[in-house]
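Colleague: This is the structure I have questions about; it appears just below.
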Amino acid sequence: MTVNTATKVNHTPTLGKIGSIMLIGAGTTVLSSKTVQHKMEELASILPSMLKYCLPLLLLPLLLYTRLSIPIRFAYNCFIKPFLPNTDSKGTLNDKSQDPHKAKLDHFYSGQADLYDSTRNTLLKGRENMLQLLAAHLKAQPEPLQRGNTGNTTKQKKIWVDLGGGTGWNIEKMDEYLPLTYFDSIYLIDLCEPLLEIARARIRSRGWKNVHVLCQDASNFILPEWENGEMDPRGSIRAITMSYSLSMIPPFYRLLDRCDQVLDPQRGLMGVVDFYTSRDSGNKERAIGTASKRVSWMAKWFWECWFSFDGVNLHASRRDYLEYKMGTIKTYNARNNFLNSWFIQIPYYVFVGCSRGRDASLTLQSFKEDAGNQKGLNNAGLLTPISPFGNPPFPSPDTFSMPNLDLGPSAVKPYLELRENDQVVMEQTLVDAGAPLSPFHYHLKKAWRVPYLEEKVHEQFRTHIYGWTWEDPAIDVKKLEINKDDHILAITSAGDNVLHYALAASPARIHAVDMNPCQGHILELKLAAIKALDYNDFWLLFGEGRHPNFKKLLTTKLSPYLSPHAYAYWLSHHTQFSRNFYFRGYSGWALRLAQIAFFLSGVRGDVKKICKATTISEQDQIWKKKIRPVFLGKWMVKLFLGNPLFNWHALGVPMNQMNCFLKDGSVEDYITATLDPIPKLTTLKDDNYFFLLCLNGRYTRSSCPAFLKPEGFRALKNGQATDGIKSHTDTILNVLRGLPNASLTKIIVMDSMDWFDPIPPSTPLPPSSSIPPDTLDPTPEASLEHLRSELDYEILEMIRVLKIGGIAVWRSAAKYPWYIQRFKFAGFNVQPIDIRENGNAIDRVNMYASFWKAEKVA
């Protein structure tokens, strides 16, 4: 049966003019109706409320996409994709003939290369700090010259290699700290093509002409200059950086061997930042200053397992071999608290080092001869051995092969032996390269700190006790007649006294000694700031006690002058200069208490007046009527100034010292004798900067230590006076033991002898030939325990190291301290320099009841 289908015609109805007019009229009639208008008004009032609830629901998907797309992609690529089969863009498995490590990297980063920089800012901490450190130390080095074939002197070519550089973020960031034009050539080396594509685009957009990308294995990289014979590979590279790449390169022994071979032995620097999970702490860590790198076994296990999913190996062998192969210049450990939680903190470290072949003869001479360290490797005291490093770790068997480019011997020599059952046994023999020195020996600038090992004793000192020196150094210079020929040993404290001696008299040598390493850190910081900063920055730090950019100054300008211990300390305590340095540390509690007491007593205005008083009479009147009743009030004396706990933790006054002045009277008597003469002596506004700091919380330009004034700062900065300072982190006894006979002219021990337990007068002085009991147990703890109860051996060492006519000087809270007789037993001629009597002050501080000297006679 045939069915005929007619053609379908689409007829569109038309209204025509009449229909359109009728439709418009009907619509107008409807809209003009009051009922319709009323309904429309109701709808209009409801619509905003509906939109208020509906619009967020409509925008929520868009908001979630814009905010969560990057984290979701990051989480997928980092935590899910590594467990999926490695396939290419066509969905087929990658060619097995391809480098498996490269294939793994390409697979891992293929879906997140464009997100790498934006997602790693919070995860990969320390990169900027490593680059800032490297830039600061590169600039601090003098530029070496070499002679060309024609005999003309030319500059050595500067090459920077960023191994595992990925997207080129390091290079762009380095340009902020050190212009890229500093380098003749920059090579970014990586195996991952997705990341290198981002790097190439970055280079094109920035227009860098000296930056080149090489897709190579970092452990076997070859530069074009080596291939074309332009330069010898050995010692040809000025800088090498590795930013979170050392933990991702399997043959890391071969990599570090190569870095050591191609790094310029005299000017080359290497910067590394990476995660770590080290736990052990031996002599090496104690010497480098990384004893704090220990992590708990739980954290070690967790982070090693967690990062292994992404191919990141955190085994301690990588960092150990880095610190063995390269000389350490700066290193510190930190925690990345990227989630702002106390329990998720990833350990990471920053390392800047050099070749162990760098010439360290000048620093060795400085520490052995100038610092008078004659003790060598004996067991007496807190010593730093010549080489604090133990045996280096042995590489794993899969790293014995050398790179294709033969640059010299590896760190180990394999010896293969076929034994029973066809088992291959590999014996390892270390190349005799010499043990690495401590980082103190690799200072690029003037080194003031004498090397020391971090001991358990040092862990007691979490911060400084004294933020300023509480003795009057001007009186010392005047009454002790300090001059340029003097060799002085003095307690470091906050370094103000040491700097005053250097400025006022320029003695040939000043041994600054303090058991608390934090006090040495303060002196180092002041010395570094004098050399590296301008006066305005120096004043902000130590005049005002605050600097808005201290953390940046620390790394970019001060770090080349600081020991690694001091740099690591100030980096972790940089907030001490965010508000007021003088309110930090144990002594800062005393200033805080004073501020609170003034506020509660309603005398804050009077405190400001006494700090601005122009005459002694005005000053004394304010003191007697307003401020004295606060200091000598019963509650102040009983709760604080007479409290042994407060005196020790806030003022640094132990119970033995309190007993010294309690034999002469009460606490009230001592405070009265100390403070009443001060207002009648000199004005705080123009001269007495000690009490001005206590009342005002900071110095003023007219009332401050001499080294803080512009002329004093310039004299220290441009002169050689600070070159004679050596800072020891040790006990006075141990430092004296290390000094040669008759090598000192003056020993200034402040009030330290008040701290010893009294020795009965009937106890004879031990013979100089006797063996000190603390040396029988050669531990720092035993030494410290011995020092708490024995002073005689220190006095015997004083008489040995002093020249004939040399003097030992001390201040005491007692008018006639008990240990005078011990000096007399040793053969000293003991005389008072001044004793506080009849309401008179012995100096501008007047904190001590007496000032004594013991002279060595023939």
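Ordered as shown in the structure tokens, chains take letters A, B, and onward, while each chain numbers its residues from 1 and ligands are numbered from 1 in the order shown.
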DSSP on the backbone, alpha helix (DSSP H) only: what residues of region 693-785 of chain A does that give? Format it as a ChimeraX atom specification.

Modeller: /A:693-696,710-718,732-738,780-785

Colleague: May I have the selected residues written with N, CA and C atoms, as a tab-separated table (two decimals), in the first residue's frame?

Modeller:
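Final output, out_3.tsv:
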chain	number	residue	atom	x	y	z
A	693	LEU	N	67.69	54.38	80.72
A	693	LEU	CA	67.14	53.23	80.02
A	693	LEU	C	66.12	52.50	80.89
A	694	CYS	N	66.41	52.36	82.18
A	694	CYS	CA	65.49	51.66	83.08
A	694	CYS	C	64.16	52.40	83.22
A	695	LEU	N	64.21	53.72	83.25
A	695	LEU	CA	62.99	54.50	83.45
A	695	LEU	C	62.28	54.81	82.13
A	696	ASN	N	63.06	55.03	81.09
A	696	ASN	CA	62.49	55.47	79.81
A	696	ASN	C	62.24	54.31	78.85
A	710	PRO	N	76.93	59.13	67.14
A	710	PRO	CA	77.43	59.10	65.74
A	710	PRO	C	78.95	59.05	65.65
A	711	GLU	N	79.64	59.84	66.45
A	711	GLU	CA	81.10	59.86	66.35
A	711	GLU	C	81.72	58.56	66.84
A	712	GLY	N	81.13	57.96	67.89
A	712	GLY	CA	81.62	56.67	68.37
A	712	GLY	C	81.36	55.56	67.36
A	713	PHE	N	80.18	55.59	66.77
A	713	PHE	CA	79.84	54.59	65.74
A	713	PHE	C	80.81	54.67	64.57
A	714	ARG	N	81.08	55.87	64.09
A	714	ARG	CA	81.98	56.03	62.94
A	714	ARG	C	83.40	55.58	63.28
A	715	ALA	N	83.84	55.89	64.51
A	715	ALA	CA	85.20	55.50	64.90
A	715	ALA	C	85.35	53.99	64.92
A	716	LEU	N	84.35	53.28	65.43
A	716	LEU	CA	84.42	51.82	65.45
A	716	LEU	C	84.27	51.23	64.06
A	717	LYS	N	83.43	51.85	63.24
A	717	LYS	CA	83.18	51.33	61.90
A	717	LYS	C	84.40	51.48	61.00
A	718	ASN	N	85.06	52.62	61.09
A	718	ASN	CA	86.17	52.91	60.19
A	718	ASN	C	87.54	52.51	60.74
A	732	ILE	N	84.92	31.29	82.71
A	732	ILE	CA	86.15	32.06	82.88
A	732	ILE	C	87.33	31.12	83.14
A	733	LEU	N	87.11	30.10	83.96
A	733	LEU	CA	88.18	29.17	84.28
A	733	LEU	C	88.69	28.47	83.03
A	734	ASN	N	87.80	28.00	82.19
A	734	ASN	CA	88.24	27.27	80.99
A	734	ASN	C	88.98	28.18	80.02
A	735	VAL	N	88.53	29.42	79.87
A	735	VAL	CA	89.23	30.33	78.98
A	735	VAL	C	90.61	30.64	79.54
A	736	LEU	N	90.70	30.87	80.85
A	736	LEU	CA	92.01	31.12	81.46
A	736	LEU	C	92.94	29.94	81.26
A	737	ARG	N	92.39	28.73	81.37
A	737	ARG	CA	93.22	27.54	81.18
A	737	ARG	C	93.82	27.48	79.77
A	738	GLY	N	93.14	28.03	78.82
A	738	GLY	CA	93.62	27.96	77.46
A	738	GLY	C	94.58	29.05	77.07
A	780	PRO	N	81.27	19.02	80.58
A	780	PRO	CA	80.95	20.41	80.90
A	780	PRO	C	80.09	20.53	82.14
A	781	GLU	N	79.21	19.56	82.35
A	781	GLU	CA	78.35	19.63	83.53
A	781	GLU	C	79.16	19.51	84.82
A	782	ALA	N	80.15	18.61	84.79
A	782	ALA	CA	81.02	18.47	85.96
A	782	ALA	C	81.83	19.73	86.19
A	783	SER	N	82.27	20.34	85.08
A	783	SER	CA	83.03	21.59	85.19
A	783	SER	C	82.19	22.68	85.81
A	784	LEU	N	80.94	22.79	85.35
A	784	LEU	CA	80.07	23.83	85.88
A	784	LEU	C	79.75	23.58	87.35
A	785	GLU	N	79.51	22.33	87.71
A	785	GLU	CA	79.22	22.01	89.10
A	785	GLU	C	80.42	22.33	89.99

Colleague: Would you pick out the contacts of Arg319 (chain A) at 9 Å or less, using only C-alpha atoms, so that residues sharing its chain but fewer than 5 positions from it are not included, and give the list as an NGL selection string?

Modeller: :A and (246-247 or 276 or 278 or 314 or 324)

Colleague: Filtering to C-alpha atoms, could you give me those residues as a PDB file, in the first residue's frame?

Modeller:
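Final file, again.pdb:
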ATOM      1  CA  LEU A 246      67.996  17.207  46.990  1.00  0.00           C
ATOM      2  CA  SER A 247      65.357  14.985  48.597  1.00  0.00           C
ATOM      3  CA  TYR A 276      64.538  16.760  56.901  1.00  0.00           C
ATOM      4  CA  SER A 278      67.242  13.864  61.382  1.00  0.00           C
ATOM      5  CA  LEU A 314      63.762  12.431  53.861  1.00  0.00           C
ATOM      6  CA  TYR A 324      80.173  16.198  55.281  1.00  0.00           C
TER       7      TYR A 324
END

Colleague: Go through A:Gln156, A:Asn656, A:Asn170, A:Thr614 and flag the residue nearest Trp755 (chain A), using only C-alpha atoms for the distances.

Modeller: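 The answer is A:Asn656, which sits nearest to Trp755 (chain A).
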
Colleague: Identify which of the residues A:Thr122, A:Thr167, A:Ser506, A:Ser205 lies closest to Asn337 (chain A), counting only C-alpha atoms when measuring atom-to-atom distances.

Modeller: A:Thr122

Colleague: Nearest to Leu503 (chain A): which of A:Thr722, A:Asn516, A:Asn549, A:Ser587 is it, counting only C-alpha atoms?

Modeller: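 Counting only C-alpha atoms, the residue closest to Leu503 (chain A) is A:Thr722.
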
Colleague: Compile a residue-level contact table for region 509-558 of chain A against region 462-477 of chain A at a cut-off of 12 Å, reporting for every qualifying residue the shortest atom pair and its distance in Å to one decimal, with only C-alpha atoms counted, rows ordered by chain and ascending number, as a tab-separated table.

Modeller:
residue	atom	partner	partner_atom	distance
A:Asp514	CA	A:His464	CA	10.8
A:Met515	CA	A:His464	CA	10.8
A:Asn516	CA	A:His464	CA	7.2
A:Pro517	CA	A:His464	CA	8.1
A:Cys518	CA	A:His464	CA	5.0
A:Gln519	CA	A:His464	CA	5.6
A:Gly520	CA	A:His464	CA	9.1
A:His521	CA	A:His464	CA	8.8
A:Ile522	CA	A:Gly467	CA	8.1
A:Leu523	CA	A:Gly467	CA	10.3
A:Lys526	CA	A:Trp468	CA	11.7
A:Phe542	CA	A:Trp468	CA	9.6
A:Gly543	CA	A:Trp468	CA	11.1
A:Gly545	CA	A:Gly467	CA	10.0

Colleague: Can you pull out the residues contacting Leu269 (chain A)? Cut-off 6 Å, using only C-alpha atoms, and skip same-chain residues under 2 positions away; I want them as number ranges by chain.

Modeller: A: 239, 353-354

Colleague: According to DSSP computed on the backbone, where in region 504-688 of chain A is there strand (DSSP E)? Give the residues as an MDAnalysis selection string.

Modeller: chainID A and resid 509:514

Colleague: Fewer than 4 positions away in the same chain doesn't count, so skip those; otherwise give me all residues within 9 Å of Ala529 (chain A), counting only C-alpha atoms, as a PyMOL selection string.

Modeller: chain A and resi 524-525+533-534+537-538+541+557-558+561

Colleague: Just write the chosen residues, C-alpha atoms, as a PDB file, in the first residue's frame.

Modeller:
ATOM      1  CA  GLU A 524      78.200  39.536  67.781  1.00  0.00           C
ATOM      2  CA  LEU A 525      75.076  41.311  66.562  1.00  0.00           C
ATOM      3  CA  LEU A 533      74.736  48.959  58.749  1.00  0.00           C
ATOM      4  CA  ASP A 534      74.483  52.695  58.541  1.00  0.00           C
ATOM      5  CA  ASP A 537      69.664  51.408  61.342  1.00  0.00           C
ATOM      6  CA  PHE A 538      72.179  50.888  64.140  1.00  0.00           C
ATOM      7  CA  LEU A 541      68.298  48.557  66.821  1.00  0.00           C
ATOM      8  CA  LYS A 557      73.266  42.589  55.439  1.00  0.00           C
ATOM      9  CA  LEU A 558      74.305  41.181  58.810  1.00  0.00           C
ATOM     10  CA  TYR A 561      79.455  38.902  59.711  1.00  0.00           C
TER      11      TYR A 561
END

Colleague: Which one is closest to Pro142 (chain A): A:Leu444, A:Asp754, A:Leu480, A:Val607? Count only C-alpha atoms.

Modeller: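 Looking only at the distances to Pro142 (chain A), the closest residue turns out to be A:Leu444.
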
Colleague: So, with only C-alpha atoms as the atoms that count, which of A:Trp852, A:Tyr586, A:Trp303, A:Phe823 lies closest to Arg836 (chain A)?

Modeller: A:Trp852

Colleague: Determine the nearest neighbour of Lys484 (chain A) from the options A:Leu632, A:Ile159, A:Ala508, A:Val498, counting only C-alpha atoms.

Modeller: A:Ala508

Colleague: Using only C-alpha atoms, determine which residues lie at most 8 Å from region 806-818 of chain A, disregarding the query and same-chain residues fewer than 2 positions distant; provide the list as a tab-separated table (two decimals) with N, CA, C and O atoms, in the first residue's frame.

Modeller:
chain	number	residue	atom	x	y	z
A	657	GLN	N	74.92	36.03	96.11
A	657	GLN	CA	75.20	37.46	96.04
A	657	GLN	C	74.31	38.24	97.00
A	657	GLN	O	74.75	39.24	97.59
A	658	MET	N	73.06	37.80	97.14
A	658	MET	CA	72.20	38.46	98.13
A	658	MET	C	72.79	38.33	99.53
A	658	MET	O	72.77	39.28	100.32
A	660	CYS	N	75.81	38.28	100.26
A	660	CYS	CA	76.95	39.19	100.38
A	660	CYS	C	76.52	40.53	100.96
A	660	CYS	O	77.17	41.05	101.88
A	661	PHE	N	75.43	41.12	100.43
A	661	PHE	CA	75.06	42.43	100.95
A	661	PHE	C	74.18	42.35	102.19
A	661	PHE	O	74.08	43.31	102.95
A	663	LYS	N	74.92	40.69	104.74
A	663	LYS	CA	75.83	40.73	105.88
A	663	LYS	C	76.13	42.16	106.31
A	663	LYS	O	76.53	42.40	107.46
A	664	ASP	N	75.94	43.11	105.39
A	664	ASP	CA	76.22	44.52	105.71
A	664	ASP	C	74.97	45.28	106.13
A	664	ASP	O	75.07	46.44	106.55
A	744	LEU	N	98.09	38.10	79.81
A	744	LEU	CA	97.09	39.13	80.08
A	744	LEU	C	97.66	40.22	80.98
A	744	LEU	O	98.57	39.96	81.79
A	745	THR	N	97.10	41.42	80.82
A	745	THR	CA	97.47	42.51	81.73
A	745	THR	C	96.34	42.87	82.68
A	745	THR	O	96.59	43.38	83.76
A	746	LYS	N	95.10	42.62	82.26
A	746	LYS	CA	93.96	42.96	83.12
A	746	LYS	C	92.86	41.91	82.96
A	746	LYS	O	92.55	41.46	81.85
A	747	ILE	N	92.29	41.53	84.09
A	747	ILE	CA	91.15	40.61	84.12
A	747	ILE	C	90.02	41.32	84.85
A	747	ILE	O	90.17	41.68	86.02
A	748	ILE	N	88.90	41.54	84.17
A	748	ILE	CA	87.76	42.27	84.75
A	748	ILE	C	86.58	41.31	84.82
A	748	ILE	O	85.96	41.00	83.80
A	749	VAL	N	86.28	40.83	86.00
A	749	VAL	CA	85.28	39.78	86.15
A	749	VAL	C	83.96	40.29	86.74
A	749	VAL	O	83.14	39.51	87.22
A	750	MET	N	83.76	41.63	86.73
A	750	MET	CA	82.51	42.23	87.22
A	750	MET	C	82.19	41.71	88.62
A	750	MET	O	83.02	41.79	89.52
A	751	ASP	N	81.00	41.16	88.80
A	751	ASP	CA	80.58	40.70	90.13
A	751	ASP	C	80.49	39.18	90.18
A	751	ASP	O	79.85	38.62	91.07
A	752	SER	N	81.13	38.48	89.24
A	752	SER	CA	80.92	37.03	89.11
A	752	SER	C	81.38	36.25	90.33
A	752	SER	O	80.83	35.18	90.63
A	753	MET	N	82.37	36.75	91.05
A	753	MET	CA	82.88	35.98	92.19
A	753	MET	C	81.92	36.01	93.38
A	753	MET	O	82.05	35.19	94.29
A	754	ASP	N	80.98	36.96	93.37
A	754	ASP	CA	79.93	36.94	94.40
A	754	ASP	C	79.05	35.70	94.29
A	754	ASP	O	78.34	35.35	95.23
A	758	PRO	N	80.79	30.39	99.49
A	758	PRO	CA	81.95	30.80	100.31
A	758	PRO	C	82.81	29.61	100.70
A	758	PRO	O	82.31	28.51	100.96
A	798	MET	N	94.40	32.81	87.23
A	798	MET	CA	94.60	34.25	87.06
A	798	MET	C	96.05	34.64	87.30
A	798	MET	O	96.65	35.40	86.52
A	802	LEU	N	98.44	36.26	84.22
A	802	LEU	CA	98.72	37.69	84.33
A	802	LEU	C	100.23	37.96	84.28
A	802	LEU	O	101.04	37.20	84.81
A	803	LYS	N	100.57	39.06	83.66
A	803	LYS	CA	101.96	39.52	83.68
A	803	LYS	C	102.27	40.12	85.05
A	803	LYS	O	101.36	40.46	85.81
A	804	ILE	N	103.53	40.29	85.35
A	804	ILE	CA	103.91	40.97	86.58
A	804	ILE	C	103.37	42.40	86.52
A	804	ILE	O	103.58	43.12	85.54
A	820	ILE	N	88.46	37.91	99.34
A	820	ILE	CA	89.70	38.70	99.34
A	820	ILE	C	90.86	37.86	99.89
A	820	ILE	O	91.98	37.89	99.37
A	821	GLN	N	90.57	37.09	100.93
A	821	GLN	CA	91.61	36.27	101.54
A	821	GLN	C	92.13	35.22	100.58
A	821	GLN	O	93.30	34.84	100.62
A	835	ILE	N	85.07	52.08	97.85
A	835	ILE	CA	84.07	51.43	98.69
A	835	ILE	C	82.95	52.43	98.94
A	835	ILE	O	83.22	53.60	99.25
A	836	ARG	N	81.72	51.98	98.80
A	836	ARG	CA	80.58	52.87	98.94
A	836	ARG	C	80.37	53.23	100.42
A	836	ARG	O	79.94	52.39	101.21
A	847	MET	N	75.60	50.31	91.75
A	847	MET	CA	74.84	49.13	92.13
A	847	MET	C	75.62	48.24	93.10
A	847	MET	O	75.04	47.39	93.78
A	848	TYR	N	76.93	48.43	93.16
A	848	TYR	CA	77.76	47.55	94.00
A	848	TYR	C	78.35	48.35	95.15
A	848	TYR	O	78.58	49.55	95.05
A	849	ALA	N	78.62	47.62	96.23
A	849	ALA	CA	79.11	48.27	97.45
A	849	ALA	C	80.60	48.51	97.41
A	849	ALA	O	81.10	49.35	98.18
A	850	SER	N	81.33	47.82	96.54
A	850	SER	CA	82.78	48.00	96.52
A	850	SER	C	83.36	47.65	95.16
A	850	SER	O	82.74	46.98	94.34
A	851	PHE	N	84.58	48.12	94.94
A	851	PHE	CA	85.31	47.97	93.68
A	851	PHE	C	86.75	47.65	94.06
A	851	PHE	O	87.42	48.45	94.72
A	852	TRP	N	87.26	46.46	93.64
A	852	TRP	CA	88.54	45.96	94.13
A	852	TRP	C	89.48	45.60	92.98
A	852	TRP	O	89.04	45.31	91.87
A	853	LYS	N	90.79	45.57	93.32
A	853	LYS	CA	91.78	45.06	92.38
A	853	LYS	C	92.80	44.22	93.14
A	853	LYS	O	93.11	44.49	94.31
A	854	ALA	N	93.30	43.18	92.47
A	854	ALA	CA	94.35	42.33	93.03
A	854	ALA	C	95.51	42.34	92.04
A	854	ALA	O	95.37	41.92	90.90
A	855	GLU	N	96.66	42.83	92.48
A	855	GLU	CA	97.81	42.99	91.60
A	855	GLU	C	98.79	41.82	91.77
A	855	GLU	O	99.08	41.39	92.89
A	856	LYS	N	99.27	41.33	90.63
A	856	LYS	CA	100.27	40.27	90.66
A	856	LYS	C	101.65	40.89	90.88
A	856	LYS	O	102.10	41.73	90.10

Colleague: Please measure the separation of CA of Gln831 (chain A) and CA of Leu662 (chain A), giving the value in Å to one decimal.

Modeller: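 CA of Leu662 (chain A) lies 22.5 Å from CA of Gln831 (chain A).
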
Colleague: Between CA of Phe440 (chain A) and CA of Pro564 (chain A), what is the distance, to one decimal in Å?

Modeller: 7.5 Å

Colleague: Can you pull out every residue within 12 Å of Leu765 (chain A), counting only C-alpha atoms, but drop anything in the same chain fewer than 3 positions away, and send it as a VMD selection string?

Modeller: chain A and resid 759 to 762 768 to 770 790 to 796 819 821 to 827

Colleague: Those same residues, written as a PDB file, in the first residue's frame with N, CA and C atoms?

Modeller:
ATOM      1  N   ILE A 759      84.116  29.839 100.725  1.00  0.00           N
ATOM      2  CA  ILE A 759      85.079  28.826 101.158  1.00  0.00           C
ATOM      3  C   ILE A 759      85.548  29.201 102.560  1.00  0.00           C
ATOM      4  N   PRO A 760      85.511  28.290 103.490  1.00  0.00           N
ATOM      5  CA  PRO A 760      85.938  28.633 104.863  1.00  0.00           C
ATOM      6  C   PRO A 760      87.363  29.164 104.884  1.00  0.00           C
ATOM      7  N   PRO A 761      87.629  30.175 105.714  1.00  0.00           N
ATOM      8  CA  PRO A 761      88.987  30.758 105.785  1.00  0.00           C
ATOM      9  C   PRO A 761      90.054  29.748 106.180  1.00  0.00           C
ATOM     10  N   SER A 762      89.656  28.710 106.874  1.00  0.00           N
ATOM     11  CA  SER A 762      90.637  27.712 107.316  1.00  0.00           C
ATOM     12  C   SER A 762      91.078  26.778 106.193  1.00  0.00           C
ATOM     13  N   SER A 768      99.347  24.711  93.106  1.00  0.00           N
ATOM     14  CA  SER A 768      99.158  24.924  91.674  1.00  0.00           C
ATOM     15  C   SER A 768      99.410  23.667  90.870  1.00  0.00           C
ATOM     16  N   SER A 769     100.125  22.714  91.431  1.00  0.00           N
ATOM     17  CA  SER A 769     100.427  21.474  90.718  1.00  0.00           C
ATOM     18  C   SER A 769      99.329  20.427  90.854  1.00  0.00           C
ATOM     19  N   SER A 770      98.326  20.695  91.700  1.00  0.00           N
ATOM     20  CA  SER A 770      97.274  19.703  91.935  1.00  0.00           C
ATOM     21  C   SER A 770      96.362  19.588  90.726  1.00  0.00           C
ATOM     22  N   GLU A 790      83.785  26.073  93.818  1.00  0.00           N
ATOM     23  CA  GLU A 790      85.222  26.316  93.952  1.00  0.00           C
ATOM     24  C   GLU A 790      85.643  27.551  93.157  1.00  0.00           C
ATOM     25  N   LEU A 791      86.374  28.434  93.832  1.00  0.00           N
ATOM     26  CA  LEU A 791      86.926  29.624  93.201  1.00  0.00           C
ATOM     27  C   LEU A 791      88.447  29.589  93.151  1.00  0.00           C
ATOM     28  N   ASP A 792      89.032  28.738  93.960  1.00  0.00           N
ATOM     29  CA  ASP A 792      90.485  28.758  94.118  1.00  0.00           C
ATOM     30  C   ASP A 792      91.219  28.476  92.814  1.00  0.00           C
ATOM     31  N   TYR A 793      90.707  27.518  92.014  1.00  0.00           N
ATOM     32  CA  TYR A 793      91.418  27.174  90.780  1.00  0.00           C
ATOM     33  C   TYR A 793      91.351  28.319  89.772  1.00  0.00           C
ATOM     34  N   GLU A 794      90.284  29.093  89.822  1.00  0.00           N
ATOM     35  CA  GLU A 794      90.207  30.263  88.946  1.00  0.00           C
ATOM     36  C   GLU A 794      91.250  31.302  89.350  1.00  0.00           C
ATOM     37  N   ILE A 795      91.423  31.507  90.643  1.00  0.00           N
ATOM     38  CA  ILE A 795      92.422  32.462  91.125  1.00  0.00           C
ATOM     39  C   ILE A 795      93.825  31.996  90.762  1.00  0.00           C
ATOM     40  N   LEU A 796      94.081  30.684  90.859  1.00  0.00           N
ATOM     41  CA  LEU A 796      95.391  30.160  90.489  1.00  0.00           C
ATOM     42  C   LEU A 796      95.675  30.374  88.999  1.00  0.00           C
ATOM     43  N   TYR A 819      86.095  36.546  99.559  1.00  0.00           N
ATOM     44  CA  TYR A 819      87.149  35.915  98.763  1.00  0.00           C
ATOM     45  C   TYR A 819      88.407  36.778  98.650  1.00  0.00           C
ATOM     46  N   GLN A 821      90.572  37.092 100.930  1.00  0.00           N
ATOM     47  CA  GLN A 821      91.608  36.275 101.537  1.00  0.00           C
ATOM     48  C   GLN A 821      92.129  35.222 100.576  1.00  0.00           C
ATOM     49  N   ARG A 822      91.297  34.723  99.648  1.00  0.00           N
ATOM     50  CA  ARG A 822      91.752  33.707  98.696  1.00  0.00           C
ATOM     51  C   ARG A 822      92.799  34.303  97.740  1.00  0.00           C
ATOM     52  N   PHE A 823      92.603  35.565  97.336  1.00  0.00           N
ATOM     53  CA  PHE A 823      93.590  36.240  96.490  1.00  0.00           C
ATOM     54  C   PHE A 823      94.899  36.468  97.248  1.00  0.00           C
ATOM     55  N   LYS A 824      94.777  36.802  98.514  1.00  0.00           N
ATOM     56  CA  LYS A 824      95.979  37.019  99.312  1.00  0.00           C
ATOM     57  C   LYS A 824      96.753  35.723  99.489  1.00  0.00           C
ATOM     58  N   PHE A 825      96.015  34.615  99.667  1.00  0.00           N
ATOM     59  CA  PHE A 825      96.688  33.317  99.786  1.00  0.00           C
ATOM     60  C   PHE A 825      97.486  33.001  98.528  1.00  0.00           C
ATOM     61  N   ALA A 826      96.970  33.435  97.361  1.00  0.00           N
ATOM     62  CA  ALA A 826      97.628  33.144  96.087  1.00  0.00           C
ATOM     63  C   ALA A 826      98.813  34.071  95.831  1.00  0.00           C
ATOM     64  N   GLY A 827      99.020  35.088  96.664  1.00  0.00           N
ATOM     65  CA  GLY A 827     100.148  35.986  96.498  1.00  0.00           C
ATOM     66  C   GLY A 827      99.814  37.312  95.855  1.00  0.00           C
TER      67      GLY A 827
END

Colleague: Within 10 Å of Arg701 (chain A), counting only C-alpha atoms, which residues qualify if same-chain residues fewer than 4 places away don't, as a PyMOL selection string?

Modeller: chain A and resi 539+543-544+685-686+705+708-710

Colleague: What is the CA of Ile678 (chain A)-CA of Ala502 (chain A) distance in Å, reported with one decimal?

Modeller: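 Atom-to-atom, CA of Ile678 (chain A) to CA of Ala502 (chain A), that is 26.6 Å.
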